[in-house]
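Student: I'm passing along target_29.csv; it holds CSV, C-alpha atoms.
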chain,number,residue,atom,x,y,z
A,16,MET,CA,87.2,-122.4,122.1
A,17,PRO,CA,84.5,-119.9,121.2
A,18,SER,CA,86.7,-118.5,118.4
A,19,LEU,CA,87.2,-122.0,117.0
A,20,LEU,CA,83.5,-122.7,117.2
A,21,LEU,CA,82.7,-119.4,115.4
A,22,GLU,CA,85.2,-120.3,112.7
A,23,VAL,CA,83.8,-123.8,112.2
A,24,THR,CA,80.2,-122.4,112.2
A,25,ILE,CA,81.1,-119.9,109.4
A,26,LYS,CA,82.8,-122.6,107.3
A,27,VAL,CA,80.0,-125.1,107.7
A,28,SER,CA,77.4,-122.5,107.0
A,29,LEU,CA,79.1,-121.6,103.7
A,30,VAL,CA,79.2,-125.2,102.7
A,31,LEU,CA,75.5,-125.8,103.5
A,32,LEU,CA,74.4,-122.5,101.9
A,33,ILE,CA,76.1,-123.5,98.7
A,34,ALA,CA,74.6,-127.0,98.8
A,35,LEU,CA,71.1,-125.6,99.5
A,36,ALA,CA,71.4,-123.1,96.6
A,37,LEU,CA,72.4,-126.0,94.3
A,38,VAL,CA,69.5,-128.0,95.5
A,39,TRP,CA,67.2,-125.1,94.7
A,40,CYS,CA,68.7,-124.9,91.2
A,41,LEU,CA,68.1,-128.6,90.8
A,42,ARG,CA,64.5,-128.5,92.0
A,43,HIS,CA,63.3,-129.6,88.5
A,44,ARG,CA,65.8,-132.4,88.3
A,45,SER,CA,65.7,-135.9,89.9
A,46,ALA,CA,65.5,-136.3,93.7
A,47,ALA,CA,68.6,-138.5,93.5
A,48,ALA,CA,70.7,-135.6,92.2
A,49,ARG,CA,69.5,-133.3,95.0
A,50,HIS,CA,70.1,-136.0,97.6
A,51,TRP,CA,73.6,-136.6,96.3
A,52,VAL,CA,74.5,-132.9,96.5
A,53,LEU,CA,73.1,-132.7,100.1
A,54,SER,CA,75.0,-135.9,101.1
A,55,VAL,CA,78.3,-134.6,99.9
A,56,ALA,CA,77.7,-131.3,101.6
A,57,VAL,CA,76.8,-132.9,104.9
A,58,VAL,CA,79.8,-135.2,105.0
A,59,SER,CA,82.1,-132.4,103.9
A,60,ALA,CA,80.8,-130.1,106.6
A,61,LEU,CA,81.2,-132.9,109.2
A,62,VAL,CA,84.8,-133.6,108.4
A,63,LEU,CA,85.7,-129.9,107.9
A,64,PRO,CA,86.8,-129.4,111.5
A,65,LEU,CA,89.0,-132.5,111.4
A,66,LEU,CA,90.6,-131.4,108.2
A,67,GLY,CA,91.4,-128.1,109.7
A,68,ALA,CA,93.0,-129.7,112.7
A,69,VAL,CA,95.3,-132.1,110.7
A,70,ALA,CA,96.0,-129.9,107.6
A,71,PRO,CA,99.2,-127.8,107.7
A,72,SER,CA,98.6,-124.2,108.5
A,73,TRP,CA,100.1,-121.4,106.4
A,74,SER,CA,100.5,-117.7,106.7
A,75,LEU,CA,101.6,-114.8,104.4
A,76,PRO,CA,105.2,-113.6,104.9
A,77,VAL,CA,105.6,-110.3,106.6
A,78,TYR,CA,107.8,-107.9,104.5
A,79,PHE,CA,107.3,-104.7,106.5
A,80,THR,CA,108.0,-104.1,110.2
A,81,PRO,CA,104.9,-102.7,111.9
A,82,VAL,CA,105.2,-99.0,113.0
A,83,ALA,CA,104.3,-99.9,116.6
A,84,ALA,CA,107.3,-102.3,116.7
A,85,ILE,CA,109.6,-99.5,115.5
A,86,TRP,CA,108.4,-97.1,118.1
A,87,SER,CA,108.6,-99.7,120.9
A,88,ASN,CA,112.1,-100.7,120.0
A,89,THR,CA,114.6,-99.0,122.4
A,90,SER,CA,118.3,-99.0,121.5
A,91,VAL,CA,120.6,-99.7,124.5
A,92,ALA,CA,123.9,-98.0,124.4
A,93,PRO,CA,127.1,-99.8,125.6
A,94,ALA,CA,128.1,-99.4,129.2
A,95,GLY,CA,130.0,-96.2,129.9
A,96,GLU,CA,129.0,-94.5,126.6
A,97,THR,CA,125.6,-93.2,127.6
A,98,SER,CA,125.3,-89.6,126.4
A,99,GLY,CA,123.6,-86.8,128.2
A,100,ASP,CA,120.5,-86.9,126.0
A,101,THR,CA,120.2,-90.6,126.4
A,102,ALA,CA,120.5,-90.3,130.1
A,103,ALA,CA,117.9,-87.6,130.2
A,104,ALA,CA,115.6,-89.7,128.1
A,105,LEU,CA,116.2,-92.7,130.4
A,106,ALA,CA,115.6,-90.4,133.4
A,107,GLY,CA,112.3,-89.4,131.9
A,108,ARG,CA,111.2,-93.1,131.9
A,109,THR,CA,112.9,-94.4,135.1
A,110,GLY,CA,113.1,-91.5,137.5
A,111,HIS,CA,115.6,-88.5,137.7
A,112,LEU,CA,119.3,-87.7,137.5
A,113,ASP,CA,121.6,-87.5,140.4
A,114,ARG,CA,124.3,-84.9,140.9
A,115,THR,CA,126.8,-86.8,138.7
A,116,GLY,CA,124.2,-86.9,135.8
A,117,ALA,CA,123.5,-90.6,136.2
A,118,ALA,CA,119.9,-91.8,136.0
A,119,VAL,CA,118.5,-93.0,139.3
A,120,PRO,CA,115.9,-95.8,138.8
A,121,SER,CA,112.7,-95.4,140.5
A,122,THR,CA,109.9,-97.9,141.2
A,123,ILE,CA,107.4,-98.0,138.3
A,124,ALA,CA,103.8,-98.7,139.3
A,125,ALA,CA,102.5,-102.0,137.9
A,126,PRO,CA,99.8,-101.6,135.3
A,127,GLN,CA,96.3,-102.1,136.5
A,128,VAL,CA,94.6,-105.2,135.1
A,129,SER,CA,91.5,-104.3,133.2
A,130,THR,CA,88.2,-105.8,134.3
A,131,HIS,CA,87.2,-106.4,130.7
A,132,ASP,CA,89.4,-109.5,130.5
A,133,GLY,CA,87.6,-111.1,133.5
A,134,ARG,CA,84.2,-110.3,132.0
A,135,GLY,CA,85.3,-111.7,128.6
A,136,ALA,CA,86.4,-114.9,130.3
A,137,ASN,CA,83.1,-115.3,132.0
A,138,VAL,CA,81.2,-114.8,128.7
A,139,ARG,CA,83.4,-117.3,126.9
A,140,LEU,CA,82.8,-119.8,129.7
A,141,ALA,CA,79.0,-119.3,129.6
A,142,LEU,CA,79.0,-119.8,125.8
A,143,ILE,CA,80.9,-123.1,126.2
A,144,VAL,CA,78.5,-124.3,128.9
A,145,VAL,CA,75.4,-123.5,126.8
A,146,TRP,CA,76.9,-125.1,123.6
A,147,SER,CA,77.9,-128.2,125.6
A,148,PHE,CA,74.5,-128.5,127.1
A,149,GLY,CA,72.7,-128.2,123.8
A,150,MET,CA,75.0,-130.7,122.1
A,151,GLY,CA,74.6,-133.1,125.1
A,152,VAL,CA,70.8,-133.0,124.9
A,153,THR,CA,70.8,-133.6,121.1
A,154,LEU,CA,73.2,-136.5,121.4
A,155,LEU,CA,71.1,-138.0,124.2
A,156,VAL,CA,68.0,-138.0,122.0
A,157,LEU,CA,70.0,-139.6,119.2
A,158,LEU,CA,71.4,-142.3,121.5
A,159,ALA,CA,68.0,-142.9,123.0
A,160,GLY,CA,66.7,-143.6,119.5
A,161,LEU,CA,69.6,-146.0,118.8
A,162,GLY,CA,69.0,-147.7,122.1
A,163,ARG,CA,65.4,-148.2,121.2
A,164,LEU,CA,66.3,-149.8,117.9
A,165,GLY,CA,68.7,-152.1,119.8
A,166,ARG,CA,66.0,-153.2,122.1
A,167,LEU,CA,63.6,-153.8,119.2
A,168,ARG,CA,66.4,-155.8,117.5
A,169,SER,CA,66.9,-158.0,120.5
A,170,THR,CA,63.2,-158.9,120.7
A,171,ALA,CA,62.6,-159.3,116.9
A,172,THR,CA,62.5,-162.6,115.1
A,173,PRO,CA,64.8,-163.0,112.0
A,174,VAL,CA,62.9,-163.9,108.8
A,175,MET,CA,64.9,-166.6,107.2
A,176,THR,CA,62.4,-168.2,104.8
A,177,GLY,CA,59.0,-167.4,103.3
A,178,PRO,CA,57.6,-164.9,100.8
A,179,TRP,CA,59.2,-161.9,102.4
A,180,ARG,CA,62.7,-163.5,102.2
A,181,GLU,CA,62.2,-164.5,98.7
A,182,LEU,CA,61.0,-161.0,97.7
A,183,ALA,CA,64.0,-159.4,99.5
A,184,ASP,CA,66.4,-161.6,97.6
A,185,GLU,CA,64.7,-160.9,94.3
A,186,ILE,CA,64.7,-157.2,94.8
A,187,GLY,CA,68.2,-157.2,96.0
A,188,VAL,CA,69.3,-158.7,92.8
A,189,ASP,CA,67.4,-156.1,90.8
A,190,LEU,CA,69.0,-153.3,92.8
A,191,ALA,CA,72.5,-155.0,92.6
A,192,LEU,CA,73.0,-154.9,96.4
A,193,SER,CA,76.5,-156.0,97.3
A,194,ARG,CA,75.7,-157.0,100.9
A,195,PRO,CA,72.9,-159.2,102.3
A,196,VAL,CA,70.0,-157.5,104.2
A,197,GLN,CA,68.6,-159.0,107.3
A,198,LEU,CA,64.8,-159.1,107.7
A,199,LEU,CA,63.4,-158.8,111.2
A,200,GLN,CA,59.9,-159.4,112.4
A,201,SER,CA,59.1,-157.0,115.2
A,202,ARG,CA,56.5,-157.4,117.9
A,203,HIS,CA,55.5,-153.8,117.6
A,204,PRO,CA,52.6,-153.1,115.2
A,205,THR,CA,53.8,-149.7,113.9
A,206,ILE,CA,57.6,-150.2,113.4
A,207,LEU,CA,58.9,-150.1,109.8
A,208,ALA,CA,62.5,-148.9,109.6
A,209,THR,CA,65.8,-149.6,108.0
A,210,TRP,CA,69.3,-149.0,109.5
A,211,GLY,CA,72.8,-150.3,109.4
A,212,VAL,CA,75.7,-150.0,107.0
A,213,ILE,CA,77.9,-153.1,107.0
A,214,TRP,CA,75.0,-155.3,108.1
A,215,PRO,CA,71.8,-153.5,107.1
A,216,LYS,CA,68.5,-154.5,108.7
A,217,VAL,CA,64.9,-154.0,107.7
A,218,MET,CA,62.4,-154.1,110.7
A,219,LEU,CA,58.9,-155.2,109.7
A,220,PRO,CA,55.9,-154.4,111.9
A,221,ALA,CA,53.8,-157.1,113.5
A,222,GLY,CA,51.2,-158.5,111.2
A,223,ALA,CA,53.3,-157.8,108.0
A,224,GLN,CA,53.2,-161.5,107.2
A,225,ALA,CA,49.5,-161.1,106.4
A,226,TRP,CA,50.0,-158.3,103.9
A,227,PRO,CA,49.3,-159.0,100.2
A,228,ARG,CA,52.2,-159.7,97.9
A,229,HIS,CA,52.1,-156.4,96.0
A,230,ARG,CA,52.2,-154.4,99.2
A,231,ALA,CA,55.1,-156.5,100.5
A,232,ARG,CA,57.0,-155.9,97.2
A,233,ILE,CA,56.5,-152.1,97.4
A,234,VAL,CA,57.6,-151.9,101.0
A,235,LEU,CA,60.7,-154.1,100.4
A,236,ALA,CA,61.6,-152.2,97.3
A,237,HIS,CA,61.5,-148.9,99.1
A,238,GLU,CA,63.4,-150.1,102.1
A,239,LEU,CA,66.1,-151.8,100.1
A,240,ALA,CA,66.4,-148.7,98.0
A,241,HIS,CA,67.5,-146.9,101.2
A,242,VAL,CA,70.2,-149.6,101.6
A,243,HIS,CA,71.3,-149.2,98.0
A,244,HIS,CA,71.7,-145.5,98.5
A,245,GLY,CA,73.4,-145.7,101.9
A,246,ASP,CA,70.9,-143.3,103.3
A,247,TRP,CA,71.3,-144.4,107.0
A,248,ALA,CA,75.0,-143.5,107.1
A,249,THR,CA,74.3,-140.1,105.5
A,250,GLN,CA,71.5,-139.4,107.9
A,251,MET,CA,73.7,-140.3,110.9
A,252,CYS,CA,76.3,-137.8,109.6
A,253,ALA,CA,73.6,-135.1,109.4
A,254,GLU,CA,72.4,-136.0,112.9
A,255,LEU,CA,75.9,-135.6,114.3
A,256,LEU,CA,76.4,-132.3,112.4
A,257,ARG,CA,73.1,-131.0,113.9
A,258,ALA,CA,74.2,-132.1,117.4
A,259,ALA,CA,77.5,-130.3,117.1
A,260,LEU,CA,76.0,-127.1,115.6
A,261,TRP,CA,72.5,-127.3,117.1
A,262,PHE,CA,72.2,-123.5,117.3
A,263,ASN,CA,72.7,-123.2,113.5
A,264,PRO,CA,69.4,-123.3,111.7
A,265,LEU,CA,71.1,-124.4,108.4
A,266,THR,CA,71.9,-127.8,110.0
A,267,TRP,CA,68.2,-128.4,110.8
A,268,ILE,CA,67.2,-127.3,107.3
A,269,ALA,CA,69.8,-129.6,105.7
A,270,LEU,CA,68.7,-132.6,107.7
A,271,HIS,CA,65.0,-132.0,106.8
A,272,ARG,CA,65.8,-131.6,103.1
A,273,LEU,CA,68.1,-134.7,103.2
A,274,ARG,CA,65.3,-136.8,104.6
A,275,ARG,CA,62.7,-135.6,102.2
A,276,ASP,CA,64.9,-136.0,99.1
A,277,SER,CA,66.0,-139.4,100.4
A,278,GLU,CA,62.3,-140.6,100.4
A,279,LEU,CA,61.7,-139.1,97.0
A,280,ALA,CA,64.8,-140.8,95.5
A,281,CYS,CA,63.7,-144.1,96.9
A,282,ASP,CA,60.2,-143.6,95.5
A,283,ASP,CA,61.7,-143.0,92.1
A,284,GLU,CA,63.7,-146.2,92.5
A,285,VAL,CA,60.5,-148.2,93.3
A,286,LEU,CA,58.7,-146.7,90.3
A,287,GLY,CA,61.8,-147.6,88.2
A,288,LEU,CA,61.2,-151.3,89.1
A,289,GLY,CA,57.9,-151.2,87.3
A,290,VAL,CA,55.5,-150.4,90.1
A,291,ASP,CA,52.4,-148.4,89.0
A,292,GLY,CA,52.4,-144.9,90.4
A,293,SER,CA,48.7,-144.8,91.5
A,294,ASP,CA,49.1,-148.2,93.1
A,295,TYR,CA,52.2,-147.1,95.0
A,296,ALA,CA,50.4,-143.9,96.2
A,297,THR,CA,47.5,-145.9,97.4
A,298,GLN,CA,49.7,-148.3,99.3
A,299,LEU,CA,51.7,-145.5,100.8
A,300,LEU,CA,48.5,-143.8,102.1
A,301,ASP,CA,47.3,-147.1,103.6
A,302,LEU,CA,50.7,-147.6,105.3
A,303,ALA,CA,50.6,-144.0,106.7
A,304,LYS,CA,47.3,-144.8,108.4
A,305,VAL,CA,48.6,-148.1,109.8
A,306,LEU,CA,51.9,-146.7,111.0
A,307,ARG,CA,50.6,-143.3,112.1
A,308,PRO,CA,51.2,-144.0,115.9
A,309,GLN,CA,54.9,-144.4,115.2
A,310,ARG,CA,56.9,-141.3,116.2
A,311,THR,CA,59.5,-141.1,113.5
A,312,ALA,CA,60.7,-137.6,114.2
A,313,TRP,CA,63.3,-138.8,116.7
A,314,SER,CA,63.9,-142.2,115.2
A,315,PRO,CA,67.4,-142.7,113.8
A,316,GLY,CA,66.2,-145.3,111.3
A,317,VAL,CA,64.9,-144.3,107.8
A,318,ALA,CA,61.2,-144.9,107.6
A,319,MET,CA,59.0,-145.3,104.6
A,320,ALA,CA,55.9,-143.6,106.0
A,321,ARG,CA,57.7,-140.6,107.5
A,322,SER,CA,55.6,-137.5,107.2
A,323,SER,CA,58.4,-135.4,105.8
A,324,GLY,CA,57.2,-134.1,102.3
A,325,PHE,CA,54.4,-136.7,102.2
A,326,GLN,CA,52.1,-134.6,100.0
A,327,ARG,CA,54.9,-133.9,97.6
A,328,ARG,CA,55.7,-137.6,97.4
A,329,ILE,CA,52.2,-138.5,96.5
A,330,THR,CA,52.1,-135.8,93.8
A,331,ALA,CA,55.4,-137.0,92.3
A,332,MET,CA,54.0,-140.6,92.2
A,333,MET,CA,50.9,-139.5,90.3
A,334,ASN,CA,52.9,-137.4,87.9
Show me the file's structure as structure tokens.
Tutor:
Amino acid sequence: MPSLLLEVTIKVSLVLLIALALVWCLRHRSAAARHWVLSVAVVSALVLPLLGAVAPSWSLPVYFTPVAAIWSNTSVAPAGETSGDTAAALAGRTGHLDRTGAAVPSTIAAPQVSTHDGRGANVRLALIVVWSFGMGVTLLVLLAGLGRLGRLRSTATPVMTGPWRELADEIGVDLALSRPVQLLQSRHPTILATWGVIWPKVMLPAGAQAWPRHRARIVLAHELAHVHHGDWATQMCAELLRAALWFNPLTWIALHRLRRDSELACDDEVLGLGVDGSDYATQLLDLAKVLRPQRTAWSPGVAMARSSGFQRRITAMMN
């Protein structure tokens, strides 16, 4: 098990290092391009162990016999044809010769078992326990966030009519969304998040119905851009990869960059719909003040006012 974990870690690290290097090379290109590179790398790294398990293994053919195998190979003469030299050699291994010249077998002491094997087994067991504990804690945090979203979903009110529903349908047509998005009105004043793949959902905070129309349009455009890009599914893949390889700092870096470029790509999508950059930056700053109590660091939903790369987002909007 530790050897398999080491092999997977090395392969995943190579994939993420290549992706992060490409992202650095694309630092002057669009955020959507960087996000696409990171998304492909994360999904590839996640399915890499599965591909290794189902793919056929291959090995190079051996054309030469190892020297150790030649020296360890002992030719056995037929019964009754053992020469004196052979008998003497056999006697050197098994015991001594009797008066007739035949080899007399003797009891050979069993080799002593090295204590290094026992220590190595204990070390491997300890590594497995530590890795399992870390993965379990990380998965529990993720499951707790998903459970919280489920509880908020059960107490939320679907928005079927009204200005928000009309804006969502209008923006969905502009973004060419192929699946309907459910709007939910939460009772919590600081919840604004998007999640789901087949049935995507946008959770609006309490009091959002009183927001002006231009703020509602900006918020919905940003959240529906997340749906258009499939950001929640990619983020869940990154979360699972980080849970499996929690000890690898590259998984944490990749998740952080994935979130940041996801927000930047959605900001570009909103600006592409004709929203003024200065107005967008002003609304984002106001939303950050309103939604500041929300702890989005552990939340499994994609959030518009997440603090990741906030200053860079404002700078990009004003440029």
Student: Nearest to Leu61 (chain A) among A:Arg274, A:Arg134, A:Lys26, A:Arg327, with distances taken over all atoms listed in the file: which residue is it?
Tutor: A:Lys26
Student: Excluding same-chain residues fewer than 5 positions from Leu167 (chain A), what lies within 10 Å of it counting only C-alpha atoms, as a list in words?
Tutor: Leu161, Gly162, Thr172, Leu199, Gln200, Ser201, Arg202, His203, Ile206 and Met218 of chain A
Student: For Leu29 (chain A), work out the shell of residues within 12 Å, counting all atoms listed in the file and skipping chain neighbours fewer than 4 positions away, then give it as number ranges by chain.
Tutor: A: 22-25, 33-36, 56-57, 59-60, 63, 263, 265-266
Student: Could you check how far CA of Pro215 (chain A) sits from CA of Val196 (chain A), in Å to one decimal?
Tutor: 5.3 Å
Student: Kindly assemble as a tab-separated table a list of the region 213-288 of chain A residues that lie within 12 Å of region 147-155 of chain A, each paired with its nearest atom pair and their distance in Å to one decimal, using all atoms listed in the file, sorted first by chain and then by ascending residue number.
Tutor:
residue	atom	partner	partner_atom	distance
A:Met251	CA	A:Leu154	CA	11.2
A:Glu254	CA	A:Leu154	CA	8.6
A:Leu255	CA	A:Leu154	CA	7.6
A:Leu256	CA	A:Met150	CA	9.9
A:Arg257	CA	A:Thr153	CA	8.0
A:Ala258	CA	A:Met150	CA	5.0
A:Ala259	CA	A:Met150	CA	5.6
A:Leu260	CA	A:Met150	CA	7.5
A:Trp261	CA	A:Met150	CA	6.5
A:Phe262	CA	A:Gly149	CA	8.0
A:Asn263	CA	A:Gly149	CA	11.4
A:Trp267	CA	A:Thr153	CA	11.8
Student: Which is closer to Ala253 (chain A) than all the others in A:Ala236, A:Val174, A:Cys40, A:Leu273, using all atoms listed in the file?
Tutor: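 Under the stated criterion, the closest residue is A:Leu273.
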Student: Give me, please, the distance in Å between CA of Leu37 (chain A) and CA of Asp276 (chain A), quoted to one decimal.
Tutor: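 Answer for the CA of Leu37 (chain A) to CA of Asp276 (chain A) separation: 13.4 Å.
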Student: Between CA of Val290 (chain A) and CA of Pro220 (chain A), what is the distance in Å, rounded to a tenth?
Tutor: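 If I compute the distance from CA of Val290 (chain A) to CA of Pro220 (chain A), I get 22.2 Å.
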Student: Write out as a list in words each polymer residue whose atoms come within 8 Å of Glu284 (chain A), counting all atoms listed in the file; drop sequence neighbours fewer than 2 positions from it.
Tutor: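 My list of contacting residues is Ala236, His237, Ala240, Ala280, Cys281, Asp282, Leu286, Gly287 and Leu288 of chain A.
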Student: For a quick check of your reading of the model, name the residues lying within 9 Å of the coordinate (69.3, -144.3, 99.4), counting all atoms listed in the file, and write them as a PDB file with C-alpha atoms, in the coordinates of the input.
Tutor:
ATOM      1  CA  ALA A  47      68.600-138.500  93.500  1.00  0.00           C
ATOM      2  CA  HIS A  50      70.100-136.000  97.600  1.00  0.00           C
ATOM      3  CA  GLU A 238      63.400-150.100 102.100  1.00  0.00           C
ATOM      4  CA  LEU A 239      66.100-151.800 100.100  1.00  0.00           C
ATOM      5  CA  ALA A 240      66.400-148.700  98.000  1.00  0.00           C
ATOM      6  CA  HIS A 241      67.500-146.900 101.200  1.00  0.00           C
ATOM      7  CA  VAL A 242      70.200-149.600 101.600  1.00  0.00           C
ATOM      8  CA  HIS A 243      71.300-149.200  98.000  1.00  0.00           C
ATOM      9  CA  HIS A 244      71.700-145.500  98.500  1.00  0.00           C
ATOM     10  CA  GLY A 245      73.400-145.700 101.900  1.00  0.00           C
ATOM     11  CA  ASP A 246      70.900-143.300 103.300  1.00  0.00           C
ATOM     12  CA  TRP A 247      71.300-144.400 107.000  1.00  0.00           C
ATOM     13  CA  THR A 249      74.300-140.100 105.500  1.00  0.00           C
ATOM     14  CA  SER A 277      66.000-139.400 100.400  1.00  0.00           C
ATOM     15  CA  GLU A 278      62.300-140.600 100.400  1.00  0.00           C
ATOM     16  CA  ALA A 280      64.800-140.800  95.500  1.00  0.00           C
ATOM     17  CA  CYS A 281      63.700-144.100  96.900  1.00  0.00           C
TER      18      CYS A 281
END
Student: Have a look at A:Trp214, A:Trp51, A:Trp226, A:Trp179 and name the one nearest to Asp301 (chain A); count all atoms listed in the file.
Tutor: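 When distances to Asp301 (chain A) are compared using all atoms listed in the file, the smallest one comes from A:Trp226.
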Student: A:Gly292, A:Pro195, A:Pro227, A:Gly133: which is nearest Gly211 (chain A), counting only C-alpha atoms?
Tutor: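 Ranked by minimum distance to Gly211 (chain A), first place goes to A:Pro195.
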Student: Select, from A:Leu279, A:Ala136, A:Leu192, A:Ala303, the residue with the minimum atom-to-atom distance to Ile213 (chain A), counting only C-alpha atoms.
Tutor: A:Leu192
Student: Of the candidates A:Ala46, A:Val217, A:Val38, A:Cys252, which one gets nearest to Pro173 (chain A) if we count all atoms listed in the file?
Tutor: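 Under the stated criterion, the closest residue is A:Val217.
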Student: Take region 240-256 of chain A, model N, CA, C and O atoms, and hand the result over as a PDB file, in the coordinates of the input.
Tutor:
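The resulting selection_18.pdb:
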ATOM      1  N   ALA A 240      65.882-149.842  98.659  1.00  0.00           N
ATOM      2  CA  ALA A 240      66.400-148.700  98.000  1.00  0.00           C
ATOM      3  C   ALA A 240      67.216-147.780  98.923  1.00  0.00           C
ATOM      4  O   ALA A 240      68.243-147.199  98.555  1.00  0.00           O
ATOM      5  N   HIS A 241      66.744-147.667 100.159  1.00  0.00           N
ATOM      6  CA  HIS A 241      67.500-146.900 101.200  1.00  0.00           C
ATOM      7  C   HIS A 241      68.863-147.584 101.410  1.00  0.00           C
ATOM      8  O   HIS A 241      69.874-146.893 101.555  1.00  0.00           O
ATOM      9  N   VAL A 242      68.881-148.903 101.456  1.00  0.00           N
ATOM     10  CA  VAL A 242      70.200-149.600 101.600  1.00  0.00           C
ATOM     11  C   VAL A 242      71.061-149.382 100.429  1.00  0.00           C
ATOM     12  O   VAL A 242      72.277-149.161 100.575  1.00  0.00           O
ATOM     13  N   HIS A 243      70.482-149.429  99.251  1.00  0.00           N
ATOM     14  CA  HIS A 243      71.300-149.200  98.000  1.00  0.00           C
ATOM     15  C   HIS A 243      71.907-147.853  97.977  1.00  0.00           C
ATOM     16  O   HIS A 243      73.046-147.693  97.510  1.00  0.00           O
ATOM     17  N   HIS A 244      71.214-146.841  98.472  1.00  0.00           N
ATOM     18  CA  HIS A 244      71.700-145.500  98.500  1.00  0.00           C
ATOM     19  C   HIS A 244      72.620-145.153  99.656  1.00  0.00           C
ATOM     20  O   HIS A 244      73.246-144.097  99.676  1.00  0.00           O
ATOM     21  N   GLY A 245      72.637-146.037 100.660  1.00  0.00           N
ATOM     22  CA  GLY A 245      73.400-145.700 101.900  1.00  0.00           C
ATOM     23  C   GLY A 245      72.836-144.581 102.657  1.00  0.00           C
ATOM     24  O   GLY A 245      73.578-143.779 103.238  1.00  0.00           O
ATOM     25  N   ASP A 246      71.506-144.500 102.725  1.00  0.00           N
ATOM     26  CA  ASP A 246      70.900-143.300 103.300  1.00  0.00           C
ATOM     27  C   ASP A 246      71.071-143.278 104.846  1.00  0.00           C
ATOM     28  O   ASP A 246      71.143-142.181 105.412  1.00  0.00           O
ATOM     29  N   TRP A 247      71.151-144.432 105.509  1.00  0.00           N
ATOM     30  CA  TRP A 247      71.300-144.400 107.000  1.00  0.00           C
ATOM     31  C   TRP A 247      72.595-143.770 107.391  1.00  0.00           C
ATOM     32  O   TRP A 247      72.633-142.980 108.341  1.00  0.00           O
ATOM     33  N   ALA A 248      73.674-144.097 106.704  1.00  0.00           N
ATOM     34  CA  ALA A 248      75.000-143.500 107.100  1.00  0.00           C
ATOM     35  C   ALA A 248      74.972-142.010 106.847  1.00  0.00           C
ATOM     36  O   ALA A 248      75.476-141.240 107.686  1.00  0.00           O
ATOM     37  N   THR A 249      74.391-141.559 105.734  1.00  0.00           N
ATOM     38  CA  THR A 249      74.300-140.100 105.500  1.00  0.00           C
ATOM     39  C   THR A 249      73.467-139.411 106.503  1.00  0.00           C
ATOM     40  O   THR A 249      73.793-138.313 106.968  1.00  0.00           O
ATOM     41  N   GLN A 250      72.362-140.049 106.876  1.00  0.00           N
ATOM     42  CA  GLN A 250      71.500-139.400 107.900  1.00  0.00           C
ATOM     43  C   GLN A 250      72.182-139.342 109.224  1.00  0.00           C
ATOM     44  O   GLN A 250      72.008-138.351 109.952  1.00  0.00           O
ATOM     45  N   MET A 251      72.980-140.343 109.598  1.00  0.00           N
ATOM     46  CA  MET A 251      73.700-140.300 110.900  1.00  0.00           C
ATOM     47  C   MET A 251      74.741-139.145 110.829  1.00  0.00           C
ATOM     48  O   MET A 251      74.959-138.467 111.839  1.00  0.00           O
ATOM     49  N   CYS A 252      75.374-138.932 109.686  1.00  0.00           N
ATOM     50  CA  CYS A 252      76.300-137.800 109.600  1.00  0.00           C
ATOM     51  C   CYS A 252      75.562-136.480 109.771  1.00  0.00           C
ATOM     52  O   CYS A 252      76.070-135.571 110.447  1.00  0.00           O
ATOM     53  N   ALA A 253      74.372-136.368 109.194  1.00  0.00           N
ATOM     54  CA  ALA A 253      73.600-135.100 109.400  1.00  0.00           C
ATOM     55  C   ALA A 253      73.137-134.979 110.813  1.00  0.00           C
ATOM     56  O   ALA A 253      73.088-133.849 111.333  1.00  0.00           O
ATOM     57  N   GLU A 254      72.804-136.075 111.475  1.00  0.00           N
ATOM     58  CA  GLU A 254      72.400-136.000 112.900  1.00  0.00           C
ATOM     59  C   GLU A 254      73.581-135.520 113.749  1.00  0.00           C
ATOM     60  O   GLU A 254      73.405-134.691 114.656  1.00  0.00           O
ATOM     61  N   LEU A 255      74.768-136.031 113.495  1.00  0.00           N
ATOM     62  CA  LEU A 255      75.900-135.600 114.300  1.00  0.00           C
ATOM     63  C   LEU A 255      76.282-134.146 114.002  1.00  0.00           C
ATOM     64  O   LEU A 255      76.671-133.411 114.915  1.00  0.00           O
ATOM     65  N   LEU A 256      76.134-133.737 112.753  1.00  0.00           N
ATOM     66  CA  LEU A 256      76.400-132.300 112.400  1.00  0.00           C
ATOM     67  C   LEU A 256      75.398-131.422 113.122  1.00  0.00           C
ATOM     68  O   LEU A 256      75.767-130.360 113.649  1.00  0.00           O
TER      69      LEU A 256
END
